[in-house]
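Q: Below is the file run-v2.cif, with mmCIF, C-alpha atoms.
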```cif
data_run
#
loop_
_atom_site.label_atom_id
_atom_site.label_comp_id
_atom_site.auth_asym_id
_atom_site.auth_seq_id
_atom_site.Cartn_x
_atom_site.Cartn_y
_atom_site.Cartn_z
CA MET A 7 0.00 0.00 0.00
CA VAL A 8 1.18 3.55 -0.80
CA LYS A 9 2.44 4.96 2.50
CA LYS A 10 5.36 7.15 3.30
CA GLY A 11 4.35 9.47 6.08
CA ARG A 12 1.41 9.97 8.39
CA ILE A 13 -1.99 11.20 7.29
CA VAL A 14 -3.99 13.13 9.85
CA VAL A 15 -7.45 14.62 9.40
CA LEU A 16 -8.06 18.01 11.02
CA ARG A 17 -11.74 18.79 11.53
CA LEU A 18 -12.44 22.52 11.77
CA GLY A 19 -15.57 24.28 12.98
CA HIS A 20 -17.10 21.37 14.86
CA ARG A 21 -20.22 22.44 16.76
CA PRO A 22 -21.00 19.63 19.21
CA ALA A 23 -24.81 19.77 19.14
CA ARG A 24 -25.11 20.09 15.39
CA ASP A 25 -22.08 18.18 14.08
CA LYS A 26 -21.41 15.28 16.42
CA ARG A 27 -22.69 12.63 14.04
CA ILE A 28 -21.08 14.11 10.92
CA THR A 29 -17.76 14.54 12.73
CA THR A 30 -17.95 10.95 14.00
CA HIS A 31 -18.54 9.81 10.41
CA VAL A 32 -15.50 11.87 9.32
CA GLY A 33 -13.43 10.10 11.99
CA LEU A 34 -14.71 6.62 11.11
CA VAL A 35 -14.05 7.20 7.43
CA ALA A 36 -10.57 8.56 8.19
CA ARG A 37 -9.81 5.37 10.14
CA CYS A 38 -11.34 2.97 7.60
CA PHE A 39 -9.73 4.60 4.57
CA GLY A 40 -6.19 4.66 5.94
CA ALA A 41 -5.57 7.87 7.90
CA ASP A 42 -3.62 7.67 11.16
CA GLY A 43 -5.67 10.01 13.29
CA LEU A 44 -8.28 12.70 13.73
CA VAL A 45 -7.66 16.09 15.31
CA LEU A 46 -10.58 18.07 16.71
CA THR A 47 -10.63 21.69 17.77
CA VAL A 48 -13.28 21.04 20.43
CA ASP A 49 -13.06 18.45 23.21
CA ASP A 50 -16.28 16.63 22.32
CA ARG A 51 -16.44 13.48 24.43
CA THR A 52 -19.27 11.99 22.33
CA VAL A 53 -17.09 11.90 19.24
CA ILE A 54 -13.95 10.81 21.07
CA GLU A 55 -15.67 7.99 22.93
CA SER A 56 -17.40 6.72 19.76
CA MET A 57 -14.04 6.55 18.02
CA GLN A 58 -12.32 4.88 20.96
CA ASP A 59 -15.07 2.30 21.16
CA VAL A 60 -14.74 1.41 17.46
CA CYS A 61 -10.95 1.18 17.66
CA GLU A 62 -11.13 -1.01 20.74
CA ARG A 63 -13.49 -3.49 19.11
CA TRP A 64 -12.45 -3.30 15.46
CA GLY A 65 -8.70 -2.85 15.76
CA GLY A 66 -6.08 -0.81 13.99
CA SER A 67 -4.13 2.05 15.47
CA PHE A 68 -5.91 5.38 15.20
CA PHE A 69 -5.66 8.37 17.48
CA VAL A 70 -7.99 11.24 18.30
CA ASP A 71 -6.47 14.47 19.59
CA VAL A 72 -7.78 17.89 20.46
CA VAL A 73 -5.88 21.11 19.67
CA SER A 74 -6.93 24.47 20.95
CA ASP A 75 -4.99 26.53 18.38
CA TRP A 76 -5.60 25.02 14.97
CA ARG A 77 -3.83 27.85 13.13
CA SER A 78 -0.57 27.05 14.95
CA TYR A 79 -1.18 23.38 14.30
CA MET A 80 -1.55 23.99 10.55
CA LYS A 81 1.44 26.36 10.45
CA GLY A 82 3.64 23.92 12.37
CA TRP A 83 2.78 20.90 10.21
CA LYS A 84 5.81 19.13 8.73
CA GLY A 85 4.63 18.15 5.29
CA VAL A 86 1.77 19.16 3.04
CA VAL A 87 -1.51 20.62 4.19
CA VAL A 88 -4.45 19.69 1.96
CA HIS A 89 -7.66 21.61 2.47
CA LEU A 90 -10.65 19.83 0.96
CA THR A 91 -13.04 22.40 -0.49
CA MET A 92 -15.44 22.43 -3.40
CA TYR A 93 -13.68 25.62 -4.57
CA GLY A 94 -10.27 23.99 -4.94
CA LEU A 95 -8.42 22.36 -7.83
CA PRO A 96 -9.80 18.98 -8.95
CA LEU A 97 -8.65 15.94 -6.95
CA ASP A 98 -7.65 13.99 -10.04
CA ASP A 99 -5.37 16.86 -11.19
CA THR A 100 -3.56 17.16 -7.86
CA ILE A 101 -3.45 13.76 -6.19
CA ASP A 102 -0.29 12.47 -7.90
CA GLU A 103 1.68 15.55 -6.88
CA ILE A 104 0.39 15.29 -3.31
CA ARG A 105 1.25 11.60 -3.13
CA GLU A 106 4.78 12.34 -4.29
CA ALA A 107 5.29 15.26 -1.88
CA ALA A 108 7.67 14.80 1.02
CA GLY A 109 6.51 14.45 4.60
CA ASP A 110 3.20 13.88 6.29
CA VAL A 111 -0.22 14.91 4.97
CA LEU A 112 -2.62 17.01 7.01
CA LEU A 113 -6.11 16.78 5.52
CA VAL A 114 -8.26 19.72 6.60
CA VAL A 115 -12.07 19.63 6.42
CA GLY A 116 -14.43 22.28 7.70
CA ALA A 117 -18.05 22.24 8.67
CA GLU A 118 -20.09 24.55 6.40
CA LYS A 119 -17.88 27.68 6.18
CA VAL A 120 -14.21 27.91 7.09
CA PRO A 121 -12.30 31.10 7.96
CA PRO A 122 -10.71 32.62 4.80
CA ASP A 123 -7.13 32.15 6.01
CA VAL A 124 -7.55 28.35 5.84
CA TYR A 125 -7.20 28.66 2.06
CA ARG A 126 -3.88 30.48 2.49
CA LEU A 127 -2.54 28.19 5.21
CA ALA A 128 -3.10 25.14 2.98
CA THR A 129 -0.43 23.91 0.58
CA TYR A 130 -3.21 22.62 -1.66
CA ASN A 131 -6.90 23.49 -1.87
CA VAL A 132 -8.46 20.42 -3.46
CA SER A 133 -12.00 19.75 -4.63
CA VAL A 134 -13.70 16.38 -4.72
CA GLY A 135 -16.22 17.58 -7.28
CA SER A 136 -17.11 21.28 -7.52
CA GLN A 137 -20.58 20.68 -6.11
CA PRO A 138 -21.89 20.93 -2.55
CA HIS A 139 -21.89 17.50 -0.94
CA SER A 140 -20.20 16.17 2.19
CA GLU A 141 -16.90 16.34 4.04
CA VAL A 142 -17.45 12.66 4.89
CA ALA A 143 -17.43 11.69 1.21
CA ALA A 144 -14.60 14.11 0.42
CA VAL A 145 -12.30 12.47 2.99
CA ALA A 146 -13.23 8.99 1.70
CA LEU A 147 -12.57 9.86 -1.94
CA PHE A 148 -9.32 11.68 -1.19
CA LEU A 149 -7.92 8.74 0.78
CA ASP A 150 -9.19 6.23 -1.78
CA ARG A 151 -7.37 8.07 -4.57
CA TYR A 152 -4.28 8.59 -2.41
CA PHE A 153 -4.01 4.86 -1.64
CA LYS A 154 -5.17 3.83 -5.15
CA GLY A 155 -8.04 1.79 -3.72
CA GLU A 156 -5.74 -0.47 -1.69
CA GLU A 157 -6.90 0.87 1.68
CA LEU A 158 -10.13 -1.14 1.59
CA LYS A 159 -8.11 -4.37 1.63
CA ARG A 160 -6.25 -3.59 4.86
CA ASP A 161 -6.46 -5.98 7.79
CA PHE A 162 -7.29 -4.13 11.02
CA ASN A 163 -6.54 -7.19 13.07
CA GLY A 164 -9.40 -6.40 15.46
CA ARG A 165 -11.14 -8.48 18.10
CA THR A 166 -14.27 -8.22 15.98
CA ARG A 167 -14.09 -8.94 12.27
CA VAL A 168 -16.65 -9.39 9.54
CA ILE A 169 -16.87 -12.50 7.39
CA PRO A 170 -18.07 -11.05 4.07
CA SER A 171 -21.32 -12.75 3.08
CA LYS A 172 -23.71 -12.84 0.20
CA GLU A 173 -26.61 -12.46 2.63
CA GLY A 174 -26.99 -11.69 6.32
CA LYS A 175 -24.50 -10.69 9.00
CA LYS A 176 -21.53 -12.85 9.90
CA ALA A 177 -18.79 -11.73 12.23
CA VAL A 178 -16.21 -13.22 14.55
CA ILE A 179 -16.18 -11.57 17.96
CA GLY A 180 -12.99 -12.27 19.88
CA MET B 28 -19.84 8.18 -18.78
CA VAL B 29 -21.08 4.64 -17.93
CA LYS B 30 -24.87 4.92 -17.85
CA LYS B 31 -27.54 2.56 -18.93
CA GLY B 32 -30.40 2.82 -16.49
CA ARG B 33 -31.42 4.93 -13.53
CA ILE B 34 -29.69 4.82 -10.17
CA VAL B 35 -31.83 5.66 -7.17
CA VAL B 36 -30.73 5.75 -3.53
CA LEU B 37 -33.23 4.43 -0.98
CA ARG B 38 -32.56 5.65 2.55
CA LEU B 39 -34.04 3.36 5.21
CA GLY B 40 -34.55 4.03 8.89
CA HIS B 41 -34.33 7.82 8.77
CA ARG B 42 -35.13 9.36 12.14
CA PRO B 43 -35.71 13.10 11.51
CA ALA B 44 -34.25 14.52 14.74
CA ARG B 45 -31.18 12.33 14.73
CA ASP B 46 -30.46 11.76 11.06
CA LYS B 47 -31.46 14.86 9.15
CA ARG B 48 -27.92 16.01 8.49
CA ILE B 49 -26.56 12.55 7.61
CA THR B 50 -29.51 11.87 5.30
CA THR B 51 -29.01 15.25 3.64
CA HIS B 52 -25.35 14.34 3.09
CA VAL B 53 -26.45 11.00 1.60
CA GLY B 54 -28.73 12.91 -0.79
CA LEU B 55 -26.10 15.49 -1.75
CA VAL B 56 -23.54 12.75 -2.37
CA ALA B 57 -26.05 10.76 -4.42
CA ARG B 58 -26.65 13.84 -6.60
CA CYS B 59 -22.98 14.82 -6.92
CA PHE B 60 -21.76 11.30 -7.71
CA GLY B 61 -24.27 10.56 -10.45
CA ALA B 62 -27.45 9.05 -8.97
CA ASP B 63 -30.81 10.19 -10.34
CA GLY B 64 -32.76 10.50 -7.13
CA LEU B 65 -33.21 9.87 -3.42
CA VAL B 66 -36.14 8.02 -1.90
CA LEU B 67 -36.99 8.56 1.76
CA THR B 68 -39.34 6.53 3.90
CA VAL B 69 -40.25 9.55 6.04
CA ASP B 70 -41.57 12.87 4.74
CA ASP B 71 -38.85 15.03 6.31
CA ARG B 72 -39.25 18.56 4.93
CA THR B 73 -35.82 19.64 6.21
CA VAL B 74 -34.05 17.10 4.02
CA ILE B 75 -36.33 17.61 1.02
CA GLU B 76 -36.05 21.40 1.10
CA SER B 77 -32.25 21.28 1.49
CA MET B 78 -32.03 19.06 -1.58
CA GLN B 79 -34.44 21.20 -3.59
CA ASP B 80 -32.48 24.32 -2.71
CA VAL B 81 -29.19 22.78 -3.88
CA CYS B 82 -30.72 21.49 -7.13
CA GLU B 83 -32.30 24.85 -7.85
CA ARG B 84 -29.02 26.73 -7.43
CA TRP B 85 -26.47 24.15 -8.60
CA GLY B 86 -28.35 22.44 -11.42
CA GLY B 87 -28.71 18.92 -12.66
CA SER B 88 -31.88 16.87 -12.53
CA PHE B 89 -32.32 15.02 -9.26
CA PHE B 90 -35.55 14.00 -7.57
CA VAL B 91 -36.49 13.33 -3.96
CA ASP B 92 -39.47 11.07 -3.32
CA VAL B 93 -41.10 9.60 -0.22
CA VAL B 94 -42.49 6.05 -0.13
CA SER B 95 -44.54 4.73 2.74
CA ASP B 96 -43.99 1.02 2.00
CA TRP B 97 -40.31 0.51 1.28
CA ARG B 98 -40.64 -3.30 1.16
CA SER B 99 -43.07 -3.06 -1.77
CA TYR B 100 -40.78 -0.49 -3.36
CA MET B 101 -37.80 -2.85 -3.14
CA LYS B 102 -39.83 -5.85 -4.32
CA GLY B 103 -41.26 -3.92 -7.26
CA TRP B 104 -37.91 -2.56 -8.46
CA LYS B 105 -37.12 -3.35 -12.12
CA GLY B 106 -33.42 -4.05 -12.05
CA VAL B 107 -30.88 -4.83 -9.36
CA VAL B 108 -31.18 -3.92 -5.72
CA VAL B 109 -27.82 -3.27 -4.05
CA HIS B 110 -27.80 -3.07 -0.26
CA LEU B 111 -24.66 -1.37 1.05
CA THR B 112 -23.61 -3.05 4.28
CA MET B 113 -20.28 -3.69 5.97
CA TYR B 114 -21.30 -7.39 6.13
CA GLY B 115 -21.64 -7.83 2.35
CA LEU B 116 -19.29 -8.97 -0.39
CA PRO B 117 -16.45 -6.57 -1.24
CA LEU B 118 -17.30 -3.73 -3.64
CA ASP B 119 -14.33 -4.42 -5.88
CA ASP B 120 -15.44 -8.07 -6.33
CA THR B 121 -19.02 -7.21 -7.28
CA ILE B 122 -19.04 -3.85 -9.06
CA ASP B 123 -18.30 -5.16 -12.57
CA GLU B 124 -21.17 -7.64 -12.39
CA ILE B 125 -23.52 -4.95 -11.06
CA ARG B 126 -22.48 -2.52 -13.79
CA GLU B 127 -23.18 -5.14 -16.44
CA ALA B 128 -26.56 -6.15 -14.99
CA ALA B 129 -29.67 -5.18 -16.90
CA GLY B 130 -32.05 -2.48 -15.73
CA ASP B 131 -31.94 0.20 -13.10
CA VAL B 132 -29.97 0.13 -9.85
CA LEU B 133 -31.59 0.71 -6.48
CA LEU B 134 -28.93 1.49 -3.89
CA VAL B 135 -30.21 0.84 -0.37
CA VAL B 136 -28.57 2.36 2.71
CA GLY B 137 -29.79 2.09 6.26
CA ALA B 138 -29.20 4.16 9.36
CA GLU B 139 -27.49 2.07 12.07
CA LYS B 140 -29.42 -1.23 11.93
CA VAL B 141 -31.68 -2.41 9.11
CA PRO B 142 -34.45 -5.03 9.40
CA PRO B 143 -33.08 -8.52 8.57
CA ASP B 144 -35.25 -8.98 5.48
CA VAL B 145 -33.39 -6.14 3.71
CA TYR B 146 -30.53 -8.60 3.18
CA ARG B 147 -32.90 -11.04 1.46
CA LEU B 148 -34.74 -8.43 -0.60
CA ALA B 149 -31.44 -7.22 -2.06
CA THR B 150 -29.95 -8.74 -5.21
CA TYR B 151 -26.49 -7.89 -3.86
CA ASN B 152 -25.27 -7.14 -0.35
CA VAL B 153 -22.10 -5.13 -0.93
CA SER B 154 -19.49 -3.84 1.50
CA VAL B 155 -17.37 -0.74 1.04
CA GLY B 156 -14.78 -2.00 3.49
CA SER B 157 -15.76 -4.45 6.25
CA GLN B 158 -15.35 -1.81 8.94
CA PRO B 159 -17.89 0.51 10.56
CA HIS B 160 -17.81 3.88 8.83
CA SER B 161 -20.51 5.88 7.06
CA GLU B 162 -23.36 5.42 4.62
CA VAL B 163 -22.36 8.79 3.15
CA ALA B 164 -18.92 7.46 2.19
CA ALA B 165 -20.35 4.10 1.09
CA VAL B 166 -22.70 5.77 -1.43
CA ALA B 167 -19.85 7.96 -2.71
CA LEU B 168 -17.44 5.05 -3.19
CA PHE B 169 -20.05 2.81 -4.79
CA LEU B 170 -21.01 5.46 -7.34
CA ASP B 171 -17.39 6.40 -7.96
CA ARG B 172 -16.53 2.78 -8.77
CA TYR B 173 -19.72 2.33 -10.79
CA PHE B 174 -18.92 5.35 -12.97
CA LYS B 175 -15.18 4.65 -12.98
CA GLY B 176 -14.40 8.09 -11.59
CA GLU B 177 -16.03 9.92 -14.51
CA GLU B 178 -18.92 11.26 -12.43
CA LEU B 179 -16.79 14.02 -10.87
CA LYS B 180 -16.27 15.54 -14.31
CA ARG B 181 -19.99 15.98 -15.06
CA ASP B 182 -21.36 19.42 -15.89
CA PHE B 183 -24.44 20.20 -13.80
CA ASN B 184 -25.19 23.26 -15.91
CA GLY B 185 -26.37 25.15 -12.83
CA ARG B 186 -27.06 28.84 -12.23
CA THR B 187 -24.19 28.75 -9.75
CA ARG B 188 -20.91 27.16 -10.72
CA VAL B 189 -17.47 27.05 -9.16
CA ILE B 190 -14.33 28.21 -10.92
CA PRO B 191 -11.72 25.80 -9.50
CA SER B 192 -8.95 27.84 -7.86
CA LYS B 193 -5.61 27.31 -6.23
CA GLU B 194 -6.67 29.55 -3.36
CA GLY B 195 -9.89 31.19 -2.23
CA LYS B 196 -13.48 30.89 -3.44
CA LYS B 197 -14.46 31.75 -6.97
CA ALA B 198 -17.92 31.09 -8.37
CA VAL B 199 -20.22 32.41 -11.06
CA ILE B 200 -23.71 33.08 -9.80
CA GLY B 201 -26.22 33.36 -12.66
#
```
Render the structure in this file as structure tokens.

A:
Amino acid sequence: MVKKGRIVVLRLGHRPARDKRITTHVGLVARCFGADGLVLTVDDRTVIESMQDVCERWGGSFFVDVVSDWRSYMKGWKGVVVHLTMYGLPLDDTIDEIREAAGDVLLVVGAEKVPPDVYRLATYNVSVGSQPHSEVAAVALFLDRYFKGEELKRDFNGRTRVIPSKEGKKAVIG
Amino acid sequence: MVKKGRIVVLRLGHRPARDKRITTHVGLVARCFGADGLVLTVDDRTVIESMQDVCERWGGSFFVDVVSDWRSYMKGWKGVVVHLTMYGLPLDDTIDEIREAAGDVLLVVGAEKVPPDVYRLATYNVSVGSQPHSEVAAVALFLDRYFKGEELKRDFNGRTRVIPSKEGKKAVIG
């Protein structure tokens, strides 16, 4: 699988009451599609505990952190900062260059609107389609392109694992 | 672009208070990634009006319908019924067969748990990774594989359209 450095997803603008389920989906997708961790700007226990519960049962190594100053976090990042926005350059035109770039990848997704300086702090502003849709899907597609589809074949080595079936639900629970 | 019949997304188990934002994301992703419409089992005006607003401003033809009896809807479908579930057979092992199948495609996604008969009513139970993540990402990945990545290049011919930019937000509003 393509992998040189770390990939971390930074979720901006999380409002606990409104966004807890969307942000949890962003975190679950980040984990499933090959990122190493999720960074929140708000200490939302609902999201953090949901992620910890999934990791504990389903395996893999994935972290969730909280930073209070996301601008410093973006500025201090060693590697490329990719801001996913429908206003950016198309994913398929930029992904090869991003994959070849040195260092770690910070993948930034906002809720609804992001402060204007996010566009300037990013190394790349990248669009997954120039239409309004979902940061959940944008993270999935970015990681899928980055890993060339190989990420879905990873073994998470978890206590619980699915046995893929034509019909019904089969799983081994360790 | 690969396209023979219609693709419709059926969202099961929508609970308005809890799911309105996730279901709206499912609908927006369905539209952006090339489906023709979204079918809800609950008449949730919040979701329907959000979708109508996006279609009106951003173009394309996409419908939102409500059905009261989703079992009859699934049984009466002319074509293949694909249920997206982490317990199903891997997407990459099934997508070519689904693409070649005759007729329209009904893509079924549940919220949390679905009734057991959904697995039997489906022609295919398909997993986008055998890990818990998100129906929003599952719909995006399925459609992306179905259309071989071409769907992101579609022109929606909308009043509002983005001008992809390296930095900042540029759009034409007609």

Q: Please identify all polymer residues within 8 Å of B:Asp71, counting all atoms listed in the file, omitting same-chain residues fewer than 2 positions from it, and present them as a PyMOL selection string.

A: chain B and resi 43+47+69+73-75

Q: If the PyMOL selection byres ((chain B) within 8 of (chain A)) is run on the structure shown, which residues does it catch, given as a ChimeraX atom specification?

A: /B:48-49,52,55-56,59,81,85,113-117,143,146-147,151-161,163-164,167-168,179-180,188-198

Q: List the residues matched by the PyMOL selection byres ((chain B and resi 100) around 12) in the displayed structure as a list in words, ordered by chain and then by residue number.

A: Val35, Val36, Leu37, Arg38, Leu39, Val66, Leu67, Thr68, Asp92, Val93, Val94, Ser95, Asp96, Trp97, Arg98, Ser99, Met101, Lys102, Gly103, Trp104, Lys105, Gly106, Val108, Leu133, Val135, Val145, Leu148 and Ala149 of chain B

Q: On this structure, the PyMOL selection byres ((chain A and resi 106) around 12) would catch which residues? List them as a PDB file with C-alpha atoms, in the frame of the given file, sorted by chain and number.

A:
```
ATOM      1  CA  VAL A   8       1.180   3.550  -0.800  1.00  0.00           C
ATOM      2  CA  LYS A   9       2.440   4.960   2.500  1.00  0.00           C
ATOM      3  CA  LYS A  10       5.360   7.150   3.300  1.00  0.00           C
ATOM      4  CA  GLY A  11       4.350   9.470   6.080  1.00  0.00           C
ATOM      5  CA  GLY A  85       4.630  18.150   5.290  1.00  0.00           C
ATOM      6  CA  VAL A  86       1.770  19.160   3.040  1.00  0.00           C
ATOM      7  CA  THR A 100      -3.560  17.160  -7.860  1.00  0.00           C
ATOM      8  CA  ILE A 101      -3.450  13.760  -6.190  1.00  0.00           C
ATOM      9  CA  ASP A 102      -0.290  12.470  -7.900  1.00  0.00           C
ATOM     10  CA  GLU A 103       1.680  15.550  -6.880  1.00  0.00           C
ATOM     11  CA  ILE A 104       0.390  15.290  -3.310  1.00  0.00           C
ATOM     12  CA  ARG A 105       1.250  11.600  -3.130  1.00  0.00           C
ATOM     13  CA  ALA A 107       5.290  15.260  -1.880  1.00  0.00           C
ATOM     14  CA  ALA A 108       7.670  14.800   1.020  1.00  0.00           C
ATOM     15  CA  GLY A 109       6.510  14.450   4.600  1.00  0.00           C
ATOM     16  CA  ASP A 110       3.200  13.880   6.290  1.00  0.00           C
ATOM     17  CA  VAL A 111      -0.220  14.910   4.970  1.00  0.00           C
ATOM     18  CA  TYR A 152      -4.280   8.590  -2.410  1.00  0.00           C
ATOM     19  CA  PHE A 153      -4.010   4.860  -1.640  1.00  0.00           C
TER      20      PHE A 153
END
```

Q: Interatomic distance between atom CA of B:Val199 and atom CA of A:Ala117?

A: 22.3 Å

Q: Report, in Å with one decimal, the straight-line distance from atom CA of B:Ala44 to atom CA of A:Ala23.

A: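 The value is 11.7 Å.
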
Q: For the atom pair atom CA of B:Ile200 and atom CA of B:Arg84, what is the interatomic distance in Å to one decimal place?

A: 8.6 Å

Q: Point out the residue among B:Arg72, B:Glu83, B:Glu177, B:Val136 with the least atom-to-atom distance to B:Gly201, counting only C-alpha atoms.

A: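 Of all the options, B:Glu83 lies closest to B:Gly201.
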